[in-house]
file data-v1.cif (mmCIF, C-alpha atoms)
data_start
#
loop_
_atom_site.group_PDB
_atom_site.id
_atom_site.type_symbol
_atom_site.label_atom_id
_atom_site.label_comp_id
_atom_site.auth_asym_id
_atom_site.auth_seq_id
_atom_site.Cartn_x
_atom_site.Cartn_y
_atom_site.Cartn_z
ATOM 1 C CA MET Q 22 0.000 0.000 0.000
ATOM 2 C CA PRO Q 23 1.474 3.412 -0.892
ATOM 3 C CA ARG Q 24 2.362 5.597 2.065
ATOM 4 C CA ASP Q 25 0.469 8.801 2.602
ATOM 5 C CA ASP Q 26 3.151 10.352 4.793
ATOM 6 C CA ILE Q 27 6.704 11.630 4.445
ATOM 7 C CA HIS Q 28 9.716 10.535 6.458
ATOM 8 C CA ILE Q 29 11.659 13.480 7.896
ATOM 9 C CA LEU Q 30 15.269 13.058 9.048
ATOM 10 C CA TYR Q 31 17.306 15.492 11.156
ATOM 11 C CA PHE Q 32 21.085 15.743 11.377
ATOM 12 C CA ALA Q 33 23.725 17.535 13.498
ATOM 13 C CA TRP Q 34 22.368 20.532 15.462
ATOM 14 C CA VAL Q 35 18.983 20.214 13.801
ATOM 15 C CA ARG Q 36 18.612 16.813 15.501
ATOM 16 C CA GLU Q 37 19.735 18.282 18.818
ATOM 17 C CA ILE Q 38 17.031 20.949 18.568
ATOM 18 C CA THR Q 39 14.245 18.521 17.582
ATOM 19 C CA GLY Q 40 15.405 15.883 20.057
ATOM 20 C CA VAL Q 41 14.585 13.083 17.593
ATOM 21 C CA ASP Q 42 16.479 11.571 14.613
ATOM 22 C CA GLY Q 43 13.378 11.694 12.491
ATOM 23 C CA GLU Q 44 9.630 11.373 12.358
ATOM 24 C CA ARG Q 45 6.757 10.688 9.993
ATOM 25 C CA LEU Q 46 4.331 13.369 9.030
ATOM 26 C CA VAL Q 47 1.165 13.209 6.982
ATOM 27 C CA LEU Q 48 1.320 16.095 4.518
ATOM 28 C CA PRO Q 49 -1.214 18.679 5.746
ATOM 29 C CA VAL Q 50 -1.835 19.801 2.143
ATOM 30 C CA SER Q 51 -0.801 18.134 -1.073
ATOM 31 C CA GLY Q 52 2.051 19.863 -2.851
ATOM 32 C CA LEU Q 53 3.474 21.326 0.369
ATOM 33 C CA THR Q 54 6.960 22.668 -0.422
ATOM 34 C CA GLY Q 55 10.107 22.024 1.588
ATOM 35 C CA ALA Q 56 10.096 25.686 2.654
ATOM 36 C CA ALA Q 57 6.490 25.409 3.884
ATOM 37 C CA LEU Q 58 7.374 22.206 5.738
ATOM 38 C CA LEU Q 59 10.204 24.070 7.433
ATOM 39 C CA THR Q 60 7.819 26.855 8.503
ATOM 40 C CA HIS Q 61 5.511 24.177 9.939
ATOM 41 C CA LEU Q 62 8.443 22.587 11.789
ATOM 42 C CA THR Q 63 9.654 25.877 13.267
ATOM 43 C CA GLU Q 64 6.261 26.128 14.986
ATOM 44 C CA LYS Q 65 6.737 22.667 16.440
ATOM 45 C CA TYR Q 66 10.419 23.306 17.282
ATOM 46 C CA PRO Q 67 10.820 27.049 18.008
ATOM 47 C CA GLY Q 68 14.578 26.551 18.447
ATOM 48 C CA LEU Q 69 14.874 26.061 14.687
ATOM 49 C CA LYS Q 70 13.423 29.480 13.907
ATOM 50 C CA ALA Q 71 16.540 31.583 14.495
ATOM 51 C CA ARG Q 72 18.625 29.346 12.256
ATOM 52 C CA ALA Q 73 16.029 28.294 9.686
ATOM 53 C CA ASP Q 74 17.685 30.341 6.926
ATOM 54 C CA ARG Q 75 20.836 28.247 7.237
ATOM 55 C CA LEU Q 76 19.141 24.876 6.849
ATOM 56 C CA LEU Q 77 19.554 22.741 3.760
ATOM 57 C CA ILE Q 78 16.971 20.288 2.510
ATOM 58 C CA ALA Q 79 17.480 16.992 0.746
ATOM 59 C CA ILE Q 80 14.574 15.178 -0.864
ATOM 60 C CA ASN Q 81 15.114 11.460 -1.408
ATOM 61 C CA GLN Q 82 18.812 11.935 -0.629
ATOM 62 C CA THR Q 83 19.375 14.690 -3.196
ATOM 63 C CA GLN Q 84 19.938 18.276 -2.110
ATOM 64 C CA SER Q 85 16.909 20.157 -3.378
ATOM 65 C CA ASP Q 86 15.423 23.573 -3.918
ATOM 66 C CA PRO Q 87 13.227 24.459 -0.896
ATOM 67 C CA GLU Q 88 10.406 25.354 -3.305
ATOM 68 C CA THR Q 89 10.166 21.762 -4.564
ATOM 69 C CA PRO Q 90 6.717 20.274 -3.754
ATOM 70 C CA LEU Q 91 6.819 17.192 -1.533
ATOM 71 C CA LYS Q 92 5.059 13.931 -2.359
ATOM 72 C CA PRO Q 93 3.797 11.175 -0.067
ATOM 73 C CA GLY Q 94 6.560 8.619 0.459
ATOM 74 C CA ASP Q 95 9.384 11.184 0.177
ATOM 75 C CA GLU Q 96 12.377 11.032 2.494
ATOM 76 C CA VAL Q 97 13.057 14.637 3.507
ATOM 77 C CA ALA Q 98 16.237 15.515 5.397
ATOM 78 C CA LEU Q 99 17.000 18.818 7.123
ATOM 79 C CA PHE Q 100 20.585 19.621 8.001
ATOM 80 C CA PRO Q 101 23.127 22.438 8.372
ATOM 81 C CA PRO Q 102 25.795 23.220 5.746
ATOM 82 C CA VAL Q 103 28.163 20.253 5.616
ATOM 83 C CA THR Q 104 31.532 20.245 7.398
ATOM 84 C CA GLY Q 105 33.155 16.909 6.628
ATOM 85 C CA GLY Q 106 36.510 16.111 5.077
ATOM 86 C CA MET U 6 38.583 0.279 -9.476
ATOM 87 C CA PHE U 7 36.424 2.976 -7.949
ATOM 88 C CA GLU U 8 35.190 2.755 -4.373
ATOM 89 C CA VAL U 9 33.755 4.856 -1.561
ATOM 90 C CA ARG U 10 33.427 3.828 2.079
ATOM 91 C CA VAL U 11 32.084 5.358 5.267
ATOM 92 C CA GLN U 12 33.315 3.560 8.360
ATOM 93 C CA GLN U 13 34.032 3.948 12.064
ATOM 94 C CA ALA U 14 37.174 1.833 11.868
ATOM 95 C CA ASP U 15 40.591 3.242 11.070
ATOM 96 C CA PHE U 16 42.148 2.542 7.665
ATOM 97 C CA ASP U 17 45.631 1.374 6.664
ATOM 98 C CA ILE U 18 46.981 3.623 3.910
ATOM 99 C CA ASN U 19 49.421 1.005 2.610
ATOM 100 C CA ALA U 20 46.759 -1.673 2.371
ATOM 101 C CA GLU U 21 44.418 0.730 0.596
ATOM 102 C CA LEU U 22 47.117 1.711 -1.895
ATOM 103 C CA ALA U 23 48.064 -1.875 -2.626
ATOM 104 C CA SER U 24 44.477 -2.920 -3.333
ATOM 105 C CA LEU U 25 43.741 0.232 -5.314
ATOM 106 C CA SER U 26 46.438 -0.165 -7.938
ATOM 107 C CA ARG U 27 46.770 -3.963 -8.025
ATOM 108 C CA ASP U 28 46.612 -5.620 -11.471
ATOM 109 C CA ASN U 29 46.369 -2.356 -13.372
ATOM 110 C CA PRO U 30 49.600 -1.707 -15.305
ATOM 111 C CA ALA U 31 48.054 1.383 -16.946
ATOM 112 C CA ILE U 32 48.498 3.240 -13.636
ATOM 113 C CA GLY U 33 51.614 5.414 -13.714
ATOM 114 C CA ALA U 34 50.723 7.849 -10.945
ATOM 115 C CA ILE U 35 49.043 7.574 -7.559
ATOM 116 C CA VAL U 36 48.201 10.619 -5.454
ATOM 117 C CA THR U 37 46.821 10.297 -1.939
ATOM 118 C CA PHE U 38 45.538 12.727 0.640
ATOM 119 C CA THR U 39 44.972 11.795 4.277
ATOM 120 C CA GLY U 40 43.173 14.185 6.610
ATOM 121 C CA LYS U 41 43.966 13.911 10.336
ATOM 122 C CA VAL U 42 42.620 15.391 13.576
ATOM 123 C CA ARG U 43 44.812 18.307 14.734
ATOM 124 C CA SER U 44 45.513 18.773 18.453
ATOM 125 C CA SER U 45 44.488 22.426 18.398
ATOM 126 C CA ASP U 46 42.702 25.081 16.411
ATOM 127 C CA LYS U 47 43.862 28.697 16.790
ATOM 128 C CA ASP U 48 45.810 27.671 19.928
ATOM 129 C CA ARG U 49 42.737 26.123 21.561
ATOM 130 C CA PRO U 50 43.581 22.542 22.621
ATOM 131 C CA LEU U 51 41.169 20.101 21.003
ATOM 132 C CA ILE U 52 40.101 17.034 22.974
ATOM 133 C CA ALA U 53 38.160 15.228 20.241
ATOM 134 C CA MET U 54 35.793 15.632 17.344
ATOM 135 C CA THR U 55 32.717 13.599 16.511
ATOM 136 C CA LEU U 56 31.739 13.040 12.906
ATOM 137 C CA GLU U 57 28.193 12.309 11.869
ATOM 138 C CA HIS U 58 26.884 11.473 8.399
ATOM 139 C CA TYR U 59 23.649 10.904 6.501
ATOM 140 C CA PRO U 60 23.797 7.171 5.735
ATOM 141 C CA GLY U 61 22.915 6.461 2.145
ATOM 142 C CA MET U 62 23.205 10.030 0.890
ATOM 143 C CA ALA U 63 26.833 10.342 2.058
ATOM 144 C CA GLU U 64 27.864 7.260 0.083
ATOM 145 C CA SER U 65 25.880 8.225 -2.995
ATOM 146 C CA GLN U 66 27.315 11.758 -2.956
ATOM 147 C CA MET U 67 30.857 10.410 -2.634
ATOM 148 C CA ALA U 68 30.229 8.079 -5.589
ATOM 149 C CA ALA U 69 28.820 11.023 -7.560
ATOM 150 C CA LEU U 70 31.966 13.042 -6.800
ATOM 151 C CA ILE U 71 34.101 10.248 -8.221
ATOM 152 C CA GLU U 72 31.866 10.082 -11.308
ATOM 153 C CA GLU U 73 32.305 13.838 -11.779
ATOM 154 C CA ALA U 74 36.097 13.499 -11.434
ATOM 155 C CA ARG U 75 36.074 10.722 -14.060
ATOM 156 C CA GLN U 76 34.286 13.062 -16.484
ATOM 157 C CA ARG U 77 37.079 15.579 -16.044
ATOM 158 C CA TRP U 78 40.256 13.457 -15.823
ATOM 159 C CA PRO U 79 41.329 10.087 -17.245
ATOM 160 C CA LEU U 80 41.356 8.148 -13.967
ATOM 161 C CA GLU U 81 42.198 4.455 -13.717
ATOM 162 C CA ALA U 82 41.126 4.138 -10.081
ATOM 163 C CA ALA U 83 40.000 6.249 -7.149
ATOM 164 C CA ARG U 84 38.907 5.725 -3.563
ATOM 165 C CA ILE U 85 37.372 7.904 -0.867
ATOM 166 C CA ILE U 86 37.152 6.704 2.737
ATOM 167 C CA HIS U 87 35.520 8.862 5.406
ATOM 168 C CA ARG U 88 35.440 7.898 9.056
ATOM 169 C CA THR U 89 32.630 8.710 11.489
ATOM 170 C CA GLY U 90 32.297 8.631 15.264
ATOM 171 C CA ARG U 91 34.470 10.206 17.962
ATOM 172 C CA LEU U 92 38.063 10.787 16.891
ATOM 173 C CA THR U 93 40.946 12.153 18.978
ATOM 174 C CA PRO U 94 44.019 14.142 17.830
ATOM 175 C CA GLU U 95 46.299 12.296 15.411
ATOM 176 C CA ALA U 96 43.476 10.015 14.261
ATOM 177 C CA GLN U 97 42.953 9.694 10.523
ATOM 178 C CA ILE U 98 39.633 11.115 9.311
ATOM 179 C CA VAL U 99 39.560 10.944 5.547
ATOM 180 C CA PHE U 100 41.463 9.316 2.693
ATOM 181 C CA VAL U 101 41.371 10.216 -0.972
ATOM 182 C CA ALA U 102 43.442 8.397 -3.580
ATOM 183 C CA THR U 103 43.470 8.861 -7.327
ATOM 184 C CA CYS U 104 45.299 6.787 -9.931
ATOM 185 C CA SER U 105 45.997 7.804 -13.501
ATOM 186 C CA ALA U 106 48.537 7.194 -16.249
ATOM 187 C CA HIS U 107 50.192 10.534 -15.503
ATOM 188 C CA ARG U 108 50.648 12.704 -12.438
ATOM 189 C CA HIS U 109 48.796 15.880 -13.401
ATOM 190 C CA ALA U 110 45.435 14.170 -13.697
ATOM 191 C CA ALA U 111 45.990 12.324 -10.415
ATOM 192 C CA PHE U 112 47.049 15.482 -8.520
ATOM 193 C CA GLU U 113 44.206 17.606 -9.849
ATOM 194 C CA ALA U 114 41.548 14.937 -9.357
ATOM 195 C CA ALA U 115 42.648 14.373 -5.742
ATOM 196 C CA GLU U 116 42.367 18.098 -4.955
ATOM 197 C CA PHE U 117 39.042 18.287 -6.723
ATOM 198 C CA LEU U 118 37.647 15.337 -4.759
ATOM 199 C CA MET U 119 38.740 16.824 -1.425
ATOM 200 C CA ASP U 120 37.338 20.289 -2.244
ATOM 201 C CA TRP U 121 34.021 18.846 -3.332
ATOM 202 C CA LEU U 122 33.878 16.370 -0.452
ATOM 203 C CA LYS U 123 34.182 19.196 2.088
ATOM 204 C CA THR U 124 31.275 21.145 0.613
ATOM 205 C CA LYS U 125 28.951 18.559 -0.957
ATOM 206 C CA ALA U 126 28.980 15.348 1.080
ATOM 207 C CA PRO U 127 26.644 15.222 4.110
ATOM 208 C CA PHE U 128 29.074 14.949 7.027
ATOM 209 C CA TRP U 129 29.145 17.170 10.109
ATOM 210 C CA LYS U 130 31.827 17.709 12.767
ATOM 211 C CA LYS U 131 31.328 18.562 16.399
ATOM 212 C CA GLU U 132 34.456 19.651 18.269
ATOM 213 C CA GLU U 133 35.264 19.350 21.968
ATOM 214 C CA TYR U 134 37.712 21.873 23.426
ATOM 215 C CA GLU U 135 39.204 22.079 26.924
ATOM 216 C CA GLY U 136 36.851 23.812 29.329
ATOM 217 C CA ALA U 137 34.121 24.496 26.789
ATOM 218 C CA GLU U 138 30.900 22.926 25.611
ATOM 219 C CA ALA U 139 31.183 20.863 22.412
ATOM 220 C CA GLN U 140 30.335 22.911 19.335
ATOM 221 C CA TRP U 141 29.266 22.081 15.797
ATOM 222 C CA VAL U 142 31.823 23.308 13.275
ATOM 223 C CA GLU U 143 30.571 26.142 11.050
ATOM 224 C CA ALA U 144 30.919 25.778 7.292
ATOM 225 C CA ARG U 145 33.818 27.891 6.010
ATOM 226 C CA ASP U 146 33.634 30.350 3.121
ATOM 227 C CA ALA U 147 37.190 29.336 2.189
ATOM 228 C CA ASP U 148 35.939 25.800 1.491
ATOM 229 C CA ASP U 149 33.168 27.143 -0.749
ATOM 230 C CA LEU U 150 35.721 29.234 -2.636
ATOM 231 C CA ALA U 151 38.005 26.213 -3.032
ATOM 232 C CA THR U 152 35.094 24.293 -4.517
ATOM 233 C CA ALA U 153 34.005 27.172 -6.767
ATOM 234 C CA ARG U 154 37.372 27.340 -8.539
ATOM 235 C CA TRP U 155 36.540 24.022 -10.232
ATOM 236 C CA ASP U 156 33.378 25.489 -11.778
ATOM 237 C CA ALA U 157 35.245 27.471 -14.447
#
call {"tool": "encode", "arguments": {"input": "data-v1.cif", "output": "structure tokens"}}
result
Amino acid sequence: MPRDDIHILYFAWVREITGVDGERLVLPVSGLTGAALLTHLTEKYPGLKARADRLLIAINQTQSDPETPLKPGDEVALFPPVTGG
Amino acid sequence: MFEVRVQQADFDINAELASLSRDNPAIGAIVTFTGKVRSSDKDRPLIAMTLEHYPGMAESQMAALIEEARQRWPLEAARIIHRTGRLTPEAQIVFVATCSAHRHAAFEAAEFLMDWLKTKAPFWKKEEYEGAEAQWVEARDADDLATARWDA
């Protein structure tokens, strides 16, 4: 059966603010964009608000434009600019 | 042979080099880079750093970086290894090796892979300093500039 929710993953300080590695969310409206999802999440996790402009979004493991509409079944990751190497 | 790995365990540079270039007589040049944990940053003594990654996306991004390098240089082999977990000063963090017929391609591709790895692969570092709370490392503009020079 196809899923009607998205799987959200958090990394680095985003995860420390949310307190969870990830969660599932039923899309409140179809075609919700990554940016709108982030606005929704800053209400749930006010700590994200001050740093929301620095967050990156990956949809299905590809870094994506925040204006991309999300689809049920998507894996959506929120994380800070990368600092590996 | 082209390979990427993300692992907690340490790596043995000599073993990696031997397996990388084995049975390929077309290889005339091997360039390697190994990144290590420094004991201080701007005179602040570092106790440890913890590296986190996005499993799945980290590996696929590293493989995509190697694919991009292969479009640009005639590589015979390449490998990227990135460690995760808590690492203390002197520990090895990252390994990049490139093999080509000639040195210029190998040198340039190795630099390219490191510059891109630092700005495009989903890894994050948290540093612990003496007498201070652990802090996530901020992305550096210098790393973005180093990556941008390959765009031309």
call {"tool": "closest_atom_pairs", "arguments": {"input": "data-v1.cif", "of": "chain U", "to": "chain Q", "cutoff": "10 Å", "atoms": "all atoms listed in the file", "output": "tab-separated table"}}
result
residue	atom	partner	partner_atom	distance
U:Thr39	CA	Q:Gly106	CA	9.5
U:Gly40	CA	Q:Gly106	CA	7.1
U:Lys41	CA	Q:Gly106	CA	9.4
U:Leu56	CA	Q:Gly105	CA	7.5
U:Glu57	CA	Q:Ala33	CA	7.1
U:His58	CA	Q:Phe32	CA	7.8
U:Tyr59	CA	Q:Phe32	CA	7.3
U:Pro60	CA	Q:Gln82	CA	9.4
U:Gly61	CA	Q:Gln82	CA	7.4
U:Met62	CA	Q:Gln82	CA	5.0
U:Ala63	CA	Q:Gln82	CA	8.6
U:Ser65	CA	Q:Gln82	CA	8.3
U:Gln66	CA	Q:Thr83	CA	8.5
U:Ile86	CA	Q:Gly106	CA	9.7
U:His87	CA	Q:Gly106	CA	7.3
U:Arg88	CA	Q:Gly106	CA	9.2
U:Thr89	CA	Q:Gly105	CA	9.5
U:Ile98	CA	Q:Gly106	CA	7.3
U:Val99	CA	Q:Gly106	CA	6.0
U:Phe100	CA	Q:Gly106	CA	8.7
U:Val101	CA	Q:Gly106	CA	9.7
U:Leu118	CA	Q:Gly106	CA	9.9
U:Met119	CA	Q:Gly106	CA	6.9
U:Asp120	CA	Q:Gly106	CA	8.5
U:Trp121	CA	Q:Gly106	CA	9.2
U:Leu122	CA	Q:Gly106	CA	6.1
U:Lys123	CA	Q:Gly106	CA	4.9
U:Thr124	CA	Q:Val103	CA	6.0
U:Lys125	CA	Q:Val103	CA	6.8
U:Ala126	CA	Q:Val103	CA	6.7
U:Pro127	CA	Q:Val103	CA	5.5
U:Phe128	CA	Q:Gly105	CA	4.5
U:Trp129	CA	Q:Thr104	CA	4.7
U:Lys130	CA	Q:Thr104	CA	5.9
U:Lys131	CA	Q:Ala33	CA	8.2
U:Gln140	CA	Q:Trp34	CA	9.2
U:Trp141	CA	Q:Trp34	CA	7.1
U:Val142	CA	Q:Thr104	CA	6.6
U:Glu143	CA	Q:Thr104	CA	7.0
U:Ala144	CA	Q:Thr104	CA	5.6
U:Arg145	CA	Q:Thr104	CA	8.1
U:Asp148	CA	Q:Thr104	CA	9.2
call {"tool": "resolve_selection", "arguments": {"input": "data-v1.cif", "expression": "the PyMOL selection byres ((chain Q and resi 43-55) around 6)", "output": "NGL selection string"}}
result
:Q and (26-31 or 41-42 or 56-58 or 87-91)
call {"tool": "closest_residue", "arguments": {"input": "data-v1.cif", "among": "U:Arg49, U:Arg75, U:Arg10, U:His107", "to": "Glu135 of chain U", "atoms": "only C-alpha atoms"}}
result
U:Arg49
call {"tool": "residues_around", "arguments": {"input": "data-v1.cif", "residues": "Asp46 of chain U", "least_positions_apart": "5", "cutoff": "12 Å", "atoms": "all atoms listed in the file", "output": "list in words"}}
result
Leu51, Ile52, Ala53, Met54, Pro94, Glu132, Glu133, Tyr134, Glu135 and Val142 of chain U
call {"tool": "resolve_selection", "arguments": {"input": "data-v1.cif", "expression": "the PyMOL selection byres ((chain U and resi 6) around 7)", "output": "PyMOL selection string"}}
result
chain U and resi 7-8+25+81-83
call {"tool": "atom_distance", "arguments": {"input": "data-v1.cif", "atom1": "atom CA of Asp156 of chain U", "atom2": "atom CA of Ile85 of chain U"}}
result
21.1 Å
call {"tool": "atom_distance", "arguments": {"input": "data-v1.cif", "atom1": "atom CA of Asp74 of chain Q", "atom2": "atom CA of Thr152 of chain U"}}
result
21.7 Å
call {"tool": "residues_around", "arguments": {"input": "data-v1.cif", "residues": "Thr63 of chain Q", "least_positions_apart": "2", "cutoff": "12 Å", "atoms": "only C-alpha atoms", "output": "MDAnalysis selection string"}}
result
chainID Q and resid 35 38:39 56:61 65:74 76 99
call {"tool": "closest_residue", "arguments": {"input": "data-v1.cif", "among": "U:Glu95, U:Glu138, U:Asp149, U:Glu113", "to": "Thr37 of chain U", "atoms": "only C-alpha atoms"}}
result
U:Glu113
call {"tool": "axis_aligned_box", "arguments": {"input": "data-v1.cif", "around": "segment 82-101 of chain Q", "padding_each_side": "4 Å", "output": "lines of an AutoDock Vina configuration file"}}
result
center_x = 13.5
center_y = 17.0
center_z = 1.9
size_x = 27.3
size_y = 24.7
size_z = 20.9
call {"tool": "atom_distance", "arguments": {"input": "data-v1.cif", "atom1": "atom CA of Trp155 of chain U", "atom2": "atom CA of Arg77 of chain U"}}
result
10.3 Å
call {"tool": "build_atoms", "arguments": {"input": "data-v1.cif", "residues": "segment 73-97 of chain Q", "atoms": "N, CA and C atoms", "output": "short mmCIF file (atom, residue, chain, number, x, y, z; two decimals), in the coordinates of the input"}}
result
data_model
loop_
_atom_site.label_atom_id
_atom_site.label_comp_id
_atom_site.auth_asym_id
_atom_site.auth_seq_id
_atom_site.Cartn_x
_atom_site.Cartn_y
_atom_site.Cartn_z
N ALA Q 73 16.72 28.95 10.80
CA ALA Q 73 16.03 28.29 9.69
C ALA Q 73 16.63 28.67 8.33
N ASP Q 74 17.15 29.91 8.23
CA ASP Q 74 17.68 30.34 6.93
C ASP Q 74 18.98 29.64 6.58
N ARG Q 75 19.59 28.95 7.53
CA ARG Q 75 20.84 28.25 7.24
C ARG Q 75 20.63 26.76 6.97
N LEU Q 76 19.38 26.30 7.04
CA LEU Q 76 19.14 24.88 6.85
C LEU Q 76 19.13 24.49 5.38
N LEU Q 77 19.62 23.30 5.11
CA LEU Q 77 19.55 22.74 3.76
C LEU Q 77 18.53 21.61 3.77
N ILE Q 78 17.97 21.35 2.61
CA ILE Q 78 16.97 20.29 2.51
C ILE Q 78 17.39 19.30 1.43
N ALA Q 79 17.26 18.03 1.76
CA ALA Q 79 17.48 16.99 0.75
C ALA Q 79 16.19 16.21 0.62
N ILE Q 80 15.77 15.98 -0.61
CA ILE Q 80 14.57 15.18 -0.86
C ILE Q 80 15.03 13.90 -1.53
N ASN Q 81 14.68 12.78 -0.92
CA ASN Q 81 15.11 11.46 -1.41
C ASN Q 81 16.62 11.43 -1.67
N GLN Q 82 17.35 11.97 -0.67
CA GLN Q 82 18.81 11.94 -0.63
C GLN Q 82 19.48 12.77 -1.70
N THR Q 83 18.77 13.75 -2.26
CA THR Q 83 19.38 14.69 -3.20
C THR Q 83 19.09 16.09 -2.69
N GLN Q 84 20.15 16.91 -2.58
CA GLN Q 84 19.94 18.28 -2.11
C GLN Q 84 19.02 19.00 -3.08
N SER Q 85 18.00 19.67 -2.53
CA SER Q 85 16.91 20.16 -3.38
C SER Q 85 16.57 21.60 -3.09
N ASP Q 86 15.95 22.22 -4.06
CA ASP Q 86 15.42 23.57 -3.92
C ASP Q 86 14.29 23.54 -2.89
N PRO Q 87 14.29 24.47 -1.91
CA PRO Q 87 13.23 24.46 -0.90
C PRO Q 87 11.83 24.65 -1.48
N GLU Q 88 11.73 25.14 -2.71
CA GLU Q 88 10.41 25.35 -3.30
C GLU Q 88 9.86 24.09 -3.99
N THR Q 89 10.63 23.01 -3.95
CA THR Q 89 10.17 21.76 -4.56
C THR Q 89 8.97 21.21 -3.79
N PRO Q 90 7.86 20.86 -4.47
CA PRO Q 90 6.72 20.27 -3.75
C PRO Q 90 7.05 18.85 -3.27
N LEU Q 91 6.57 18.52 -2.09
CA LEU Q 91 6.82 17.19 -1.53
C LEU Q 91 5.68 16.26 -1.91
N LYS Q 92 6.06 14.96 -2.02
CA LYS Q 92 5.06 13.93 -2.36
C LYS Q 92 5.01 12.89 -1.24
N PRO Q 93 3.86 12.27 -1.05
CA PRO Q 93 3.80 11.18 -0.07
C PRO Q 93 4.88 10.15 -0.39
N GLY Q 94 5.51 9.62 0.66
CA GLY Q 94 6.56 8.62 0.46
C GLY Q 94 7.95 9.22 0.38
N ASP Q 95 8.06 10.55 0.26
CA ASP Q 95 9.38 11.18 0.18
C ASP Q 95 10.15 11.03 1.49
N GLU Q 96 11.47 10.92 1.34
CA GLU Q 96 12.38 11.03 2.49
C GLU Q 96 12.94 12.45 2.44
N VAL Q 97 12.67 13.23 3.48
CA VAL Q 97 13.06 14.64 3.51
C VAL Q 97 14.03 14.85 4.65
#
